[in-house]
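Quick look at target-v2.txt (compact mmCIF, C-alpha atoms):
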```
# COMPACT_ATOMS: atom_id res chain seq x y z
CA MET A 23 120.87 206.80 137.60
CA LYS A 24 124.49 205.65 137.70
CA ILE A 25 127.29 207.33 135.81
CA ALA A 26 130.46 205.43 134.93
CA ARG A 27 133.48 207.62 134.29
CA THR A 28 136.51 206.88 132.14
CA PRO A 29 139.22 209.24 130.98
CA GLY A 30 137.69 211.48 128.32
CA MET A 31 134.42 209.46 128.13
CA PHE A 32 131.14 209.30 130.02
CA VAL A 33 128.90 206.20 129.72
CA ILE A 34 125.42 206.65 131.07
CA VAL A 35 123.48 203.47 131.94
CA LYS A 36 119.92 203.73 133.12
CA GLY A 37 119.15 201.63 136.17
CA THR A 38 115.87 200.40 134.67
CA ASN A 39 117.64 199.08 131.53
CA LEU A 40 120.18 197.28 133.68
CA ILE A 41 117.41 195.64 135.68
CA LYS A 42 115.67 194.53 132.46
CA ILE A 43 118.87 192.97 131.10
CA ILE A 44 119.56 191.08 134.32
CA SER A 45 115.91 189.95 134.56
CA ALA A 46 115.94 188.69 130.98
CA LEU A 47 119.18 186.80 131.60
CA LEU A 48 117.78 185.21 134.75
CA LEU A 49 114.56 184.31 132.96
CA PHE A 50 116.53 182.71 130.13
CA ILE A 51 118.55 180.62 132.59
CA VAL A 52 115.39 179.53 134.41
CA LEU A 53 113.73 178.54 131.12
CA VAL A 54 116.77 176.53 130.00
CA PHE A 55 116.92 174.58 133.25
CA SER A 56 113.15 174.13 133.37
CA ILE A 57 112.90 172.77 129.82
CA SER A 58 115.96 170.54 130.36
CA GLY A 59 114.47 169.21 133.59
CA LEU A 60 111.12 168.58 131.94
CA LEU A 61 112.65 166.66 129.03
CA THR A 62 114.86 164.49 131.25
CA SER A 63 112.07 163.73 133.73
CA LEU A 64 109.69 162.45 131.07
CA LYS A 65 109.19 158.71 130.76
CA PRO A 66 111.31 157.19 127.95
CA GLN A 67 108.28 156.60 125.72
CA TYR A 68 107.40 160.31 125.83
CA ARG A 69 110.86 161.75 125.19
CA PRO A 70 111.66 163.26 121.79
CA MET A 71 113.33 160.63 119.59
CA SER A 72 114.26 160.25 115.96
CA SER A 73 110.86 158.65 115.36
CA SER A 74 109.03 161.67 116.78
CA VAL A 75 111.11 163.99 114.61
CA ASN A 76 110.30 161.79 111.62
CA THR A 77 106.59 162.03 112.45
CA ALA A 78 106.76 165.80 112.77
CA THR A 79 108.61 166.25 109.49
CA SER A 80 106.43 163.80 107.57
CA ASP A 81 103.95 166.65 107.00
CA VAL A 82 106.61 168.67 105.15
CA ASN A 83 106.07 167.67 101.53
CA GLY A 84 108.63 167.87 98.74
CA LYS A 85 107.17 171.03 97.25
CA LEU A 86 107.44 172.96 100.52
CA LEU A 87 111.00 171.76 101.02
CA TYR A 88 111.89 172.89 97.50
CA GLN A 89 110.38 176.33 98.20
CA LEU A 90 112.43 176.71 101.37
CA MET A 91 115.59 175.78 99.49
CA ALA A 92 114.73 178.28 96.76
CA TRP A 93 114.61 181.09 99.32
CA GLU A 94 118.26 180.36 100.20
CA ASN A 95 119.60 179.38 96.77
CA HIS A 96 118.07 181.44 93.97
CA HIS A 97 119.31 179.00 91.32
CA PHE A 98 116.27 176.89 92.24
CA LEU A 99 114.04 179.75 91.06
CA LYS A 100 114.89 178.91 87.46
CA VAL A 101 112.58 175.87 87.49
CA GLU A 102 108.81 175.93 87.01
CA GLU A 103 106.88 178.62 88.84
CA ASP A 104 104.49 176.24 90.59
CA LEU A 105 107.39 174.72 92.54
CA THR A 106 109.01 177.98 93.62
CA ALA A 107 105.90 180.04 94.30
CA SER A 108 105.73 181.08 97.93
CA PRO A 109 103.43 178.83 99.99
CA LYS A 110 100.28 180.34 101.43
CA LEU A 111 101.27 181.28 104.95
CA THR A 112 97.76 180.90 106.35
CA SER A 113 97.39 177.33 105.00
CA LEU A 114 100.84 176.38 106.25
CA ILE A 115 100.22 177.71 109.77
CA PHE A 116 96.79 176.05 109.89
CA GLN A 117 98.21 172.66 108.90
CA LEU A 118 101.13 172.82 111.33
CA THR A 119 99.02 173.96 114.28
CA SER A 120 95.94 171.78 113.75
CA ASN A 121 97.56 168.76 111.99
CA ILE A 122 94.73 168.96 109.45
CA ASN A 123 95.61 168.91 105.77
CA LEU A 124 92.87 170.57 103.72
CA ASP A 125 93.96 168.52 100.70
CA ASP A 126 93.43 165.27 102.63
CA PRO A 127 90.00 165.03 104.31
CA ARG A 128 91.10 161.86 106.13
CA SER A 129 93.18 164.05 108.46
CA LEU A 130 89.93 165.49 109.85
CA LEU A 131 87.41 162.69 109.28
CA GLY A 132 89.71 160.09 110.78
CA ARG A 133 89.33 161.82 114.14
CA GLU A 134 85.65 162.65 113.97
CA LEU A 135 83.92 159.61 112.43
CA PRO A 136 83.83 156.37 114.47
CA GLY A 137 85.83 153.63 112.76
CA PHE A 138 87.15 155.95 110.04
CA TYR A 139 90.64 155.77 111.55
CA GLN A 140 91.01 152.39 109.79
CA PHE A 141 91.40 154.30 106.52
CA ASP A 142 94.03 156.63 107.97
CA GLY A 143 97.02 154.41 107.30
CA LYS A 144 100.00 155.53 105.29
CA ILE A 145 101.07 153.72 102.13
CA VAL A 146 104.86 153.67 102.45
CA VAL A 147 105.43 151.53 99.35
CA ALA A 148 102.59 151.24 96.83
CA GLY A 149 102.04 148.09 94.86
CA GLU A 150 100.28 147.84 91.52
CA GLY A 151 96.81 149.42 91.79
CA SER A 152 97.13 150.48 95.43
CA ASN A 153 95.97 153.96 96.43
CA TYR A 154 94.07 155.73 99.19
CA THR A 155 90.70 154.86 97.66
CA ASN A 156 91.47 151.15 97.98
CA MET A 157 92.88 150.86 101.48
CA PRO A 158 93.02 147.51 103.26
CA THR A 159 90.58 147.39 106.16
CA GLU A 160 90.35 145.18 109.18
CA SER A 161 86.79 144.25 110.11
CA SER A 162 85.88 143.74 113.74
CA PRO A 163 83.43 140.92 114.49
CA PRO A 164 80.08 142.04 115.90
CA LEU A 165 79.68 141.40 119.61
CA GLU A 166 76.97 138.79 118.99
CA ILE A 167 79.43 136.76 116.90
CA MET A 168 81.96 136.66 119.72
CA LYS A 169 79.27 135.59 122.18
CA ALA A 170 77.47 133.13 119.90
CA GLU A 171 77.41 129.50 120.96
CA ARG A 172 76.79 128.30 117.41
CA GLU A 173 78.78 129.19 114.31
CA ALA A 174 78.22 128.78 110.60
CA ALA A 175 78.19 125.35 109.04
CA LEU A 176 81.13 124.61 106.77
CA GLN A 177 81.20 123.84 103.06
CA ASN A 178 83.71 123.19 100.25
CA LEU A 179 86.10 121.55 102.70
CA GLU A 180 87.50 119.21 100.05
CA GLU A 181 88.97 122.26 98.29
CA ILE A 182 91.12 123.07 101.31
CA GLU A 183 92.97 119.76 101.26
CA ASN A 184 93.57 119.85 97.51
CA SER A 185 94.55 123.50 97.14
CA GLY A 186 97.93 125.02 96.46
CA SER A 187 100.25 125.71 93.58
CA GLY A 188 100.81 122.03 92.87
CA GLU A 189 104.50 122.71 92.23
CA LYS A 190 107.06 121.44 94.70
CA PRO A 191 110.39 123.30 94.98
CA PRO A 192 113.61 121.41 94.31
CA GLN A 193 115.43 119.80 97.23
CA PRO A 194 117.09 122.66 99.15
CA SER A 195 120.88 122.80 99.18
CA LEU A 196 120.78 124.65 102.48
CA THR A 197 118.78 123.84 105.58
CA THR A 198 118.41 125.07 109.14
CA GLY A 199 118.23 121.42 110.21
CA VAL A 200 116.34 120.92 113.45
CA LYS A 201 116.40 124.65 114.21
CA LYS A 202 113.11 126.55 113.98
CA VAL A 203 113.94 130.09 112.86
CA VAL A 204 110.54 131.38 111.69
CA HIS A 205 107.53 131.62 114.00
CA LEU A 206 103.97 131.99 112.67
CA TYR A 207 101.14 133.15 114.92
CA PHE A 208 97.63 134.60 114.68
CA THR A 209 96.36 137.53 116.73
CA HIS A 210 92.95 137.31 115.04
CA ASN A 211 93.00 133.57 114.56
CA GLN A 212 89.27 133.19 113.79
CA GLU A 213 89.33 135.40 110.69
CA SER A 214 87.83 133.21 107.99
CA TYR A 215 86.69 133.22 104.36
CA LEU A 216 83.12 133.31 103.04
CA PRO A 217 83.43 130.49 100.43
CA TYR A 218 83.67 128.02 103.33
CA LEU A 219 80.91 129.41 105.56
CA LYS A 220 77.57 128.02 104.47
CA GLY A 221 74.84 130.63 104.14
CA VAL A 222 77.06 133.53 105.26
CA LYS A 223 77.16 136.56 102.92
CA ASP A 224 78.01 139.41 105.29
CA PRO A 225 81.80 140.00 105.31
CA ASN A 226 81.57 141.16 108.91
CA LEU A 227 80.47 137.65 109.87
CA ALA A 228 83.43 135.87 108.25
CA TYR A 229 84.74 134.26 111.44
CA HIS A 230 85.10 130.61 112.37
CA SER A 231 86.89 128.67 115.10
CA GLN A 232 88.14 125.89 112.79
CA VAL A 233 88.40 127.02 109.17
CA ASN A 234 90.31 130.30 109.31
CA VAL A 235 93.72 131.91 108.77
CA THR A 236 95.45 129.19 110.81
CA LYS A 237 95.06 126.95 107.75
CA ILE A 238 97.32 129.36 105.87
CA GLY A 239 99.86 129.06 108.67
CA ASP A 240 99.93 125.27 108.31
CA TYR A 241 100.48 125.53 104.57
CA LEU A 242 103.09 128.31 104.82
CA LYS A 243 105.02 126.28 107.42
CA GLU A 244 105.13 123.31 105.06
CA SER A 245 106.17 125.50 102.13
CA LEU A 246 108.99 127.15 104.09
CA GLU A 247 110.30 123.84 105.38
CA GLU A 248 110.33 122.45 101.83
CA ARG A 249 112.84 125.24 101.19
CA GLY A 250 114.98 124.28 104.20
CA ILE A 251 113.67 126.89 106.66
CA GLY A 252 112.56 125.42 109.99
CA THR A 253 109.24 126.95 111.04
CA SER A 254 106.98 126.76 114.10
CA VAL A 255 103.28 127.61 114.28
CA ASP A 256 101.25 128.72 117.30
CA LYS A 257 97.51 128.28 116.66
CA PHE A 258 96.34 129.31 120.12
CA ASP A 259 92.72 130.53 120.06
CA VAL A 260 93.39 134.17 121.00
CA MET A 261 89.99 135.48 119.92
CA GLY A 262 88.18 132.73 121.80
CA THR A 263 90.11 133.50 124.99
CA VAL A 264 90.25 137.26 125.44
CA LYS A 265 88.21 140.31 124.45
CA MET A 266 88.91 141.79 121.01
CA ALA A 267 90.60 144.85 122.52
CA ASN A 268 93.12 142.61 124.30
CA THR A 269 94.07 140.31 121.44
CA TYR A 270 97.43 141.92 120.64
CA SER A 271 98.38 141.90 124.30
CA LYS A 272 97.62 138.19 124.50
CA SER A 273 99.39 137.27 121.26
CA GLY A 274 102.36 139.33 122.47
CA GLU A 275 102.55 137.11 125.55
CA LEU A 276 102.57 134.05 123.30
CA VAL A 277 105.40 135.48 121.20
CA LYS A 278 107.46 136.24 124.30
CA SER A 279 106.91 132.69 125.50
CA ALA A 280 108.01 131.29 122.13
CA MET A 281 111.13 133.46 122.17
CA ALA A 282 112.01 132.32 125.68
CA SER A 283 111.61 128.63 124.83
CA ASN A 284 113.48 128.77 121.52
CA ARG A 285 116.42 131.14 121.14
CA ASP A 286 116.82 130.21 117.48
CA LEU A 287 113.60 132.01 116.45
CA ASP A 288 114.51 135.10 114.46
CA TYR A 289 111.50 135.97 112.25
CA PHE A 290 107.94 136.44 113.50
CA ILE A 291 104.93 136.63 111.19
CA ASP A 292 101.42 137.52 112.38
CA ILE A 293 98.96 136.26 109.74
CA HIS A 294 95.69 138.15 109.19
CA ARG A 295 92.90 138.46 106.64
CA ASP A 296 91.78 141.68 104.94
CA ALA A 297 88.11 142.75 104.87
CA ARG A 298 88.04 143.95 101.25
CA ARG A 299 86.07 142.09 98.59
CA LYS A 300 87.40 139.76 95.91
CA ASP A 301 87.73 142.25 93.04
CA LYS A 302 90.23 144.19 95.16
CA THR A 303 92.20 141.25 96.57
CA THR A 304 92.61 138.77 93.68
CA PRO A 305 95.34 139.66 91.17
CA ILE A 306 95.78 137.41 88.13
CA ILE A 307 99.41 136.37 87.68
CA ASN A 308 100.47 134.19 84.74
CA GLY A 309 96.83 133.34 84.17
CA LYS A 310 96.17 132.17 87.75
CA PRO A 311 94.35 133.97 90.58
CA TYR A 312 96.31 134.75 93.72
CA ALA A 313 95.25 136.24 97.05
CA GLN A 314 96.80 139.67 97.49
CA LEU A 315 99.31 140.20 100.29
CA VAL A 316 99.55 143.38 102.36
CA PHE A 317 102.49 144.19 104.65
CA VAL A 318 101.52 146.25 107.70
CA VAL A 319 104.11 147.97 109.90
CA GLY A 320 103.32 149.67 113.20
CA GLY A 321 104.92 153.10 113.40
CA LYS A 322 104.72 153.31 117.19
CA ASN A 323 107.41 150.79 118.06
CA PRO A 324 111.18 151.28 118.42
CA ASN A 325 111.92 148.66 115.75
CA TYR A 326 109.72 150.18 113.08
CA GLU A 327 112.59 151.25 110.80
CA LYS A 328 114.05 147.72 110.64
CA ASN A 329 110.60 146.10 110.42
CA LEU A 330 109.84 148.51 107.60
CA LYS A 331 113.04 147.61 105.73
CA LEU A 332 112.22 143.90 105.97
CA ALA A 333 108.70 144.49 104.62
CA LYS A 334 110.05 146.66 101.79
CA ASP A 335 112.66 144.07 100.81
CA LEU A 336 110.08 141.27 100.65
CA HIS A 337 107.64 143.46 98.73
CA GLU A 338 110.31 144.25 96.13
CA LEU A 339 111.22 140.57 95.74
CA LEU A 340 107.55 139.70 95.27
CA GLU A 341 107.16 142.43 92.66
CA GLU A 342 110.09 141.02 90.69
CA LYS A 343 108.73 137.47 90.53
CA TYR A 344 104.96 137.85 91.11
CA LYS A 345 104.04 141.28 89.80
CA GLY A 346 100.84 142.54 91.42
CA ILE A 347 100.64 140.05 94.28
CA SER A 348 101.62 142.65 96.90
CA TYR A 349 99.41 145.62 97.66
CA GLY A 350 102.49 147.27 99.16
CA VAL A 351 103.68 148.30 102.60
CA MET A 352 101.42 150.24 104.95
CA MET A 353 102.35 152.01 108.16
CA ASN A 354 99.73 152.45 110.86
CA GLN A 355 100.39 154.81 113.73
CA GLY A 356 97.37 157.10 113.89
CA SER A 357 94.89 157.67 116.67
CA GLY A 358 92.75 154.60 117.32
CA GLN A 359 95.24 152.24 115.64
CA ASN A 360 97.40 149.74 117.48
CA GLY A 361 100.57 151.02 115.86
CA VAL A 362 102.79 148.37 117.53
CA TYR A 363 101.43 144.94 116.54
CA ASN A 364 104.00 143.22 118.79
CA GLN A 365 106.72 144.39 116.40
CA ASN A 366 108.48 145.97 119.36
CA LEU A 367 109.54 142.43 120.31
CA SER A 368 111.76 141.84 117.28
CA GLU A 369 113.57 143.65 114.49
CA ASN A 370 112.29 140.95 112.12
CA ALA A 371 108.57 141.08 112.84
CA LEU A 372 105.88 141.20 110.16
CA LEU A 373 102.12 141.48 109.98
CA ILE A 374 100.80 140.15 106.67
CA GLU A 375 97.22 140.28 105.44
CA PHE A 376 96.43 137.23 103.29
CA GLY A 377 93.66 137.97 100.81
CA GLY A 378 90.15 139.20 101.58
CA VAL A 379 86.91 137.65 102.81
CA ASP A 380 86.08 136.12 99.40
CA ASN A 381 89.36 134.43 98.57
CA THR A 382 89.67 130.64 98.35
CA PHE A 383 92.41 128.50 99.87
CA GLU A 384 93.58 127.65 96.36
CA GLU A 385 94.36 131.35 95.87
CA LEU A 386 95.65 131.80 99.42
CA ASN A 387 98.02 128.84 99.24
CA ARG A 388 99.40 130.02 95.90
CA SER A 389 100.29 133.26 97.63
CA ALA A 390 101.77 131.36 100.58
CA ASP A 391 104.03 129.49 98.14
CA ALA A 392 105.03 132.80 96.52
CA LEU A 393 105.85 134.32 99.91
CA ALA A 394 107.84 131.22 100.93
CA ASP A 395 109.71 131.41 97.63
CA VAL A 396 110.88 135.01 98.04
CA PHE A 397 111.35 134.72 101.80
CA SER A 398 113.69 131.76 101.34
CA GLU A 399 115.65 133.76 98.77
CA TYR A 400 115.92 136.65 101.24
CA PHE A 401 116.71 134.38 104.19
CA TRP A 402 119.46 132.36 102.54
CA GLN A 403 121.13 135.41 101.10
CA ALA A 404 121.41 136.80 104.64
CA GLU A 405 121.97 133.57 106.59
CA LYS A 406 123.69 131.04 104.32
CA VAL A 407 127.07 131.51 106.02
CA ASN A 408 125.52 130.32 109.28
CA TYR A 409 124.32 126.97 107.90
CA GLU A 410 126.07 124.07 106.26
CA VAL A 411 125.27 122.74 102.84
CA GLU A 412 123.07 119.68 103.15
CA GLN A 413 124.76 116.67 101.59
CA PRO A 414 122.85 114.08 99.53
CA ALA A 415 121.89 110.95 101.46
CA ASP A 416 124.28 108.65 99.55
CA GLU A 417 127.27 110.88 100.38
CA GLN A 418 126.63 111.06 104.10
```
Rewrite the coordinates I just gave you, this time as structure tokens.
Amino acid sequence: MKIARTPGMFVIVKGTNLIKIISALLLFIVLVFSISGLLTSLKPQYRPMSSSVNTATSDVNGKLLYQLMAWENHHFLKVEEDLTASPKLTSLIFQLTSNINLDDPRSLLGRELPGFYQFDGKIVVAGEGSNYTNMPTESSPPLEIMKAEREAALQNLEEIENSGSGEKPPQPSLTTGVKKVVHLYFTHNQESYLPYLKGVKDPNLAYHSQVNVTKIGDYLKESLEERGIGTSVDKFDVMGTVKMANTYSKSGELVKSAMASNRDLDYFIDIHRDARRKDKTTPIINGKPYAQLVFVVGGKNPNYEKNLKLAKDLHELLEEKYKGISYGVMMNQGSGQNGVYNQNLSENALLIEFGGVDNTFEELNRSADALADVFSEYFWQAEKVNYEVEQPADEQ
């Protein structure tokens, strides 16, 4: 035991307490340097970022936040009891530690049941009639379909050539000229529609090498260019070239190649087809059937916030002019989901589901015209200063 003496005062410090204090201080310093070293040595994709904080806080609902605020500011206690009642500590701890929400069985089933992860997406912006009991789903073709040498015979082909809204937009006052600024591509290019596959009734068999979502790309390109927006289409047979698990990797290579060969490309749209049936994917607008559109954003890419804003803006424009045509905006980032969809390559990347397995090209092309209509409105509002007004032929 050491005794420190001062005039008129004795301070007694036990040696064991001094050792504990020094040990605790040393341990604290070691922990600080260890944690700092660990965080800085992690690969960039594993370091804590704003997106990871957003993911962690997404489980904190509005009610819990209000309760926490009420503990600090008692003025909040004057509102209804059900908002300010203290949360059950056991439920809160269980949810935070296990990431399982007892009020949402998908949080457990999505990890335990094969294929159930497809229903584990998050509806960021809900359209008319969209909810978690009516989630868009992406069907995977059975292995025998991918290996089959023969495919279904085609029917109703005359409808494809004569389909569409039938209304041509007025001559655009603005144009991108020879510049191609929008690029359309197809990760799952063989996704097709049952009305054109003779004898096929099973939605899981709705695949074809010729009549498929690439037809929508051709029509959308034409519709965009009628509105002055130069558009390119890549119809490379991704599904016929690589295994299903590698399709996004392959289509990503194609997008990179397109970007390298044309620096003017600014918007990239991956066109898909939903697996839901017709009663869920065919809204009636002004007395005419349309194929429902679904915007899908991958939450695992660094551009997801800007991709999400673009999808939200287009959804809102569609809702103003074609109420009910958009299911809404979904974000996929859960286990078993791609969560990137090549949207890491651009801040203006979209994945759009066009209709379901039962929709016709008449309905699909109407929706393509609607999308081209609102996209041109969005595009020219943002880009009109970069392009000259096109003069009439007799004034040039």
Using only C-alpha atoms, can you tell me which of A:Tyr400, A:Tyr363, A:Tyr409, A:Tyr289 comes closest to Val318 in chain A? A:Tyr363
Residue with the minimum atom-to-atom distance to Ser279 in chain A, picked from A:Leu367, A:Ala297, A:Ile41, A:Pro217 with only C-alpha atoms counted, is A:Leu367
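Distances here use all atoms listed in the file; by that measure, the residue among A:Asn364, A:Pro311, A:Asn370, A:Thr253 closest to Lys278 in chain A is A:Asn364.
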Please write out, as lines of an AutoDock Vina configuration file, where the centre of an axis-aligned box around all listed atoms of range 227-240 of chain A lies and how long its edges are, in Å to one decimal, after adding 5 Å on each side.
```
center_x = 90.2
center_y = 131.5
center_z = 110.5
size_x = 29.5
size_y = 22.4
size_z = 19.2
```
When you look at Gly378 in chain A with a cut-off of 9 Å (counting all atoms listed in the file), what residues show up, excluding the ones that are within fewer than 4 positions of it in the same chain? I need them as a ChimeraX atom specification. /A:158,215,295-300,302-304,313-314
List the spatial neighbours of Lys328 in chain A as a count of residues only - criterion: any atom at most 10 Å away, all atoms listed in the file, same-chain residues fewer than 6 positions off excluded. 7
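For Asn308 in chain A, the non-local neighbours within 10 Å, defined as residues at least 4 positions apart in the same chain or in other chains and counting all atoms listed in the file, are A:Tyr312, A:Tyr344, A:Lys345.
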Just to be explicit: take each residue in the selection above, keep C-alpha atoms, and write the result as a JSON list (two decimals), in the frame of the given file.
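Output below, filename selection-v2.json:
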```
[["chain", "number", "residue", "atom", "x", "y", "z"],
["A", 312, "TYR", "CA", 96.31, 134.75, 93.72],
["A", 344, "TYR", "CA", 104.96, 137.85, 91.11],
["A", 345, "LYS", "CA", 104.04, 141.28, 89.80]]
```
Kindly add N, CA, C and O atoms to the incomplete range 349-368 of chain A and provide the output as a PDB file, in the frame of the given file.
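Result went into out.pdb, see below:
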```pdb
ATOM      1  N   TYR A 349     100.036 144.295  97.647  1.00  0.00           N
ATOM      2  CA  TYR A 349      99.410 145.620  97.660  1.00  0.00           C
ATOM      3  C   TYR A 349     100.471 146.686  97.942  1.00  0.00           C
ATOM      4  O   TYR A 349     100.403 147.795  97.437  1.00  0.00           O
ATOM      5  N   GLY A 350     101.444 146.330  98.772  1.00  0.00           N
ATOM      6  CA  GLY A 350     102.490 147.270  99.160  1.00  0.00           C
ATOM      7  C   GLY A 350     102.742 147.189 100.648  1.00  0.00           C
ATOM      8  O   GLY A 350     102.400 146.198 101.310  1.00  0.00           O
ATOM      9  N   VAL A 351     103.348 148.228 101.176  1.00  0.00           N
ATOM     10  CA  VAL A 351     103.680 148.300 102.600  1.00  0.00           C
ATOM     11  C   VAL A 351     102.939 149.472 103.212  1.00  0.00           C
ATOM     12  O   VAL A 351     103.066 150.605 102.749  1.00  0.00           O
ATOM     13  N   MET A 352     102.161 149.204 104.246  1.00  0.00           N
ATOM     14  CA  MET A 352     101.420 150.240 104.950  1.00  0.00           C
ATOM     15  C   MET A 352     102.001 150.458 106.333  1.00  0.00           C
ATOM     16  O   MET A 352     102.491 149.518 106.969  1.00  0.00           O
ATOM     17  N   MET A 353     101.957 151.721 106.781  1.00  0.00           N
ATOM     18  CA  MET A 353     102.350 152.010 108.160  1.00  0.00           C
ATOM     19  C   MET A 353     101.145 152.576 108.900  1.00  0.00           C
ATOM     20  O   MET A 353     100.536 153.547 108.459  1.00  0.00           O
ATOM     21  N   ASN A 354     100.818 151.985 110.019  1.00  0.00           N
ATOM     22  CA  ASN A 354      99.730 152.450 110.860  1.00  0.00           C
ATOM     23  C   ASN A 354     100.285 152.986 112.171  1.00  0.00           C
ATOM     24  O   ASN A 354     101.006 152.276 112.876  1.00  0.00           O
ATOM     25  N   GLN A 355      99.942 154.222 112.469  1.00  0.00           N
ATOM     26  CA  GLN A 355     100.390 154.810 113.730  1.00  0.00           C
ATOM     27  C   GLN A 355      99.442 155.900 114.214  1.00  0.00           C
ATOM     28  O   GLN A 355      99.717 156.596 115.181  1.00  0.00           O
ATOM     29  N   GLY A 356      98.299 156.039 113.543  1.00  0.00           N
ATOM     30  CA  GLY A 356      97.370 157.100 113.890  1.00  0.00           C
ATOM     31  C   GLY A 356      96.557 156.818 115.125  1.00  0.00           C
ATOM     32  O   GLY A 356      96.606 155.733 115.718  1.00  0.00           O
ATOM     33  N   SER A 357      95.770 157.806 115.518  1.00  0.00           N
ATOM     34  CA  SER A 357      94.890 157.670 116.670  1.00  0.00           C
ATOM     35  C   SER A 357      93.887 156.562 116.428  1.00  0.00           C
ATOM     36  O   SER A 357      93.295 156.457 115.366  1.00  0.00           O
ATOM     37  N   GLY A 358      93.702 155.688 117.435  1.00  0.00           N
ATOM     38  CA  GLY A 358      92.750 154.600 117.320  1.00  0.00           C
ATOM     39  C   GLY A 358      93.339 153.339 116.710  1.00  0.00           C
ATOM     40  O   GLY A 358      92.691 152.300 116.675  1.00  0.00           O
ATOM     41  N   GLN A 359      94.594 153.408 116.217  1.00  0.00           N
ATOM     42  CA  GLN A 359      95.240 152.240 115.640  1.00  0.00           C
ATOM     43  C   GLN A 359      96.243 151.668 116.642  1.00  0.00           C
ATOM     44  O   GLN A 359      96.797 152.387 117.469  1.00  0.00           O
ATOM     45  N   ASN A 360      96.468 150.370 116.545  1.00  0.00           N
ATOM     46  CA  ASN A 360      97.400 149.740 117.480  1.00  0.00           C
ATOM     47  C   ASN A 360      98.791 150.337 117.340  1.00  0.00           C
ATOM     48  O   ASN A 360      99.392 150.781 118.312  1.00  0.00           O
ATOM     49  N   GLY A 361      99.305 150.357 116.132  1.00  0.00           N
ATOM     50  CA  GLY A 361     100.570 151.020 115.860  1.00  0.00           C
ATOM     51  C   GLY A 361     101.804 150.305 116.370  1.00  0.00           C
ATOM     52  O   GLY A 361     102.928 150.785 116.179  1.00  0.00           O
ATOM     53  N   VAL A 362     101.641 149.137 117.031  1.00  0.00           N
ATOM     54  CA  VAL A 362     102.790 148.370 117.530  1.00  0.00           C
ATOM     55  C   VAL A 362     102.757 146.955 116.964  1.00  0.00           C
ATOM     56  O   VAL A 362     103.745 146.468 116.430  1.00  0.00           O
ATOM     57  N   TYR A 363     101.628 146.282 117.094  1.00  0.00           N
ATOM     58  CA  TYR A 363     101.430 144.940 116.540  1.00  0.00           C
ATOM     59  C   TYR A 363     102.486 143.941 116.992  1.00  0.00           C
ATOM     60  O   TYR A 363     102.891 143.060 116.238  1.00  0.00           O
ATOM     61  N   ASN A 364     102.973 144.107 118.215  1.00  0.00           N
ATOM     62  CA  ASN A 364     104.000 143.220 118.790  1.00  0.00           C
ATOM     63  C   ASN A 364     105.329 143.301 118.050  1.00  0.00           C
ATOM     64  O   ASN A 364     106.232 142.484 118.303  1.00  0.00           O
ATOM     65  N   GLN A 365     105.480 144.261 117.159  1.00  0.00           N
ATOM     66  CA  GLN A 365     106.720 144.390 116.400  1.00  0.00           C
ATOM     67  C   GLN A 365     107.825 145.045 117.227  1.00  0.00           C
ATOM     68  O   GLN A 365     108.964 145.128 116.776  1.00  0.00           O
ATOM     69  N   ASN A 366     107.468 145.476 118.437  1.00  0.00           N
ATOM     70  CA  ASN A 366     108.480 145.970 119.360  1.00  0.00           C
ATOM     71  C   ASN A 366     109.310 144.820 119.935  1.00  0.00           C
ATOM     72  O   ASN A 366     110.356 145.049 120.549  1.00  0.00           O
ATOM     73  N   LEU A 367     108.860 143.585 119.735  1.00  0.00           N
ATOM     74  CA  LEU A 367     109.540 142.430 120.310  1.00  0.00           C
ATOM     75  C   LEU A 367     110.693 141.930 119.441  1.00  0.00           C
ATOM     76  O   LEU A 367     111.544 141.180 119.905  1.00  0.00           O
ATOM     77  N   SER A 368     110.714 142.322 118.172  1.00  0.00           N
ATOM     78  CA  SER A 368     111.760 141.840 117.280  1.00  0.00           C
ATOM     79  C   SER A 368     111.998 142.815 116.132  1.00  0.00           C
ATOM     80  O   SER A 368     111.074 143.498 115.690  1.00  0.00           O
TER      81      SER A 368
END
```
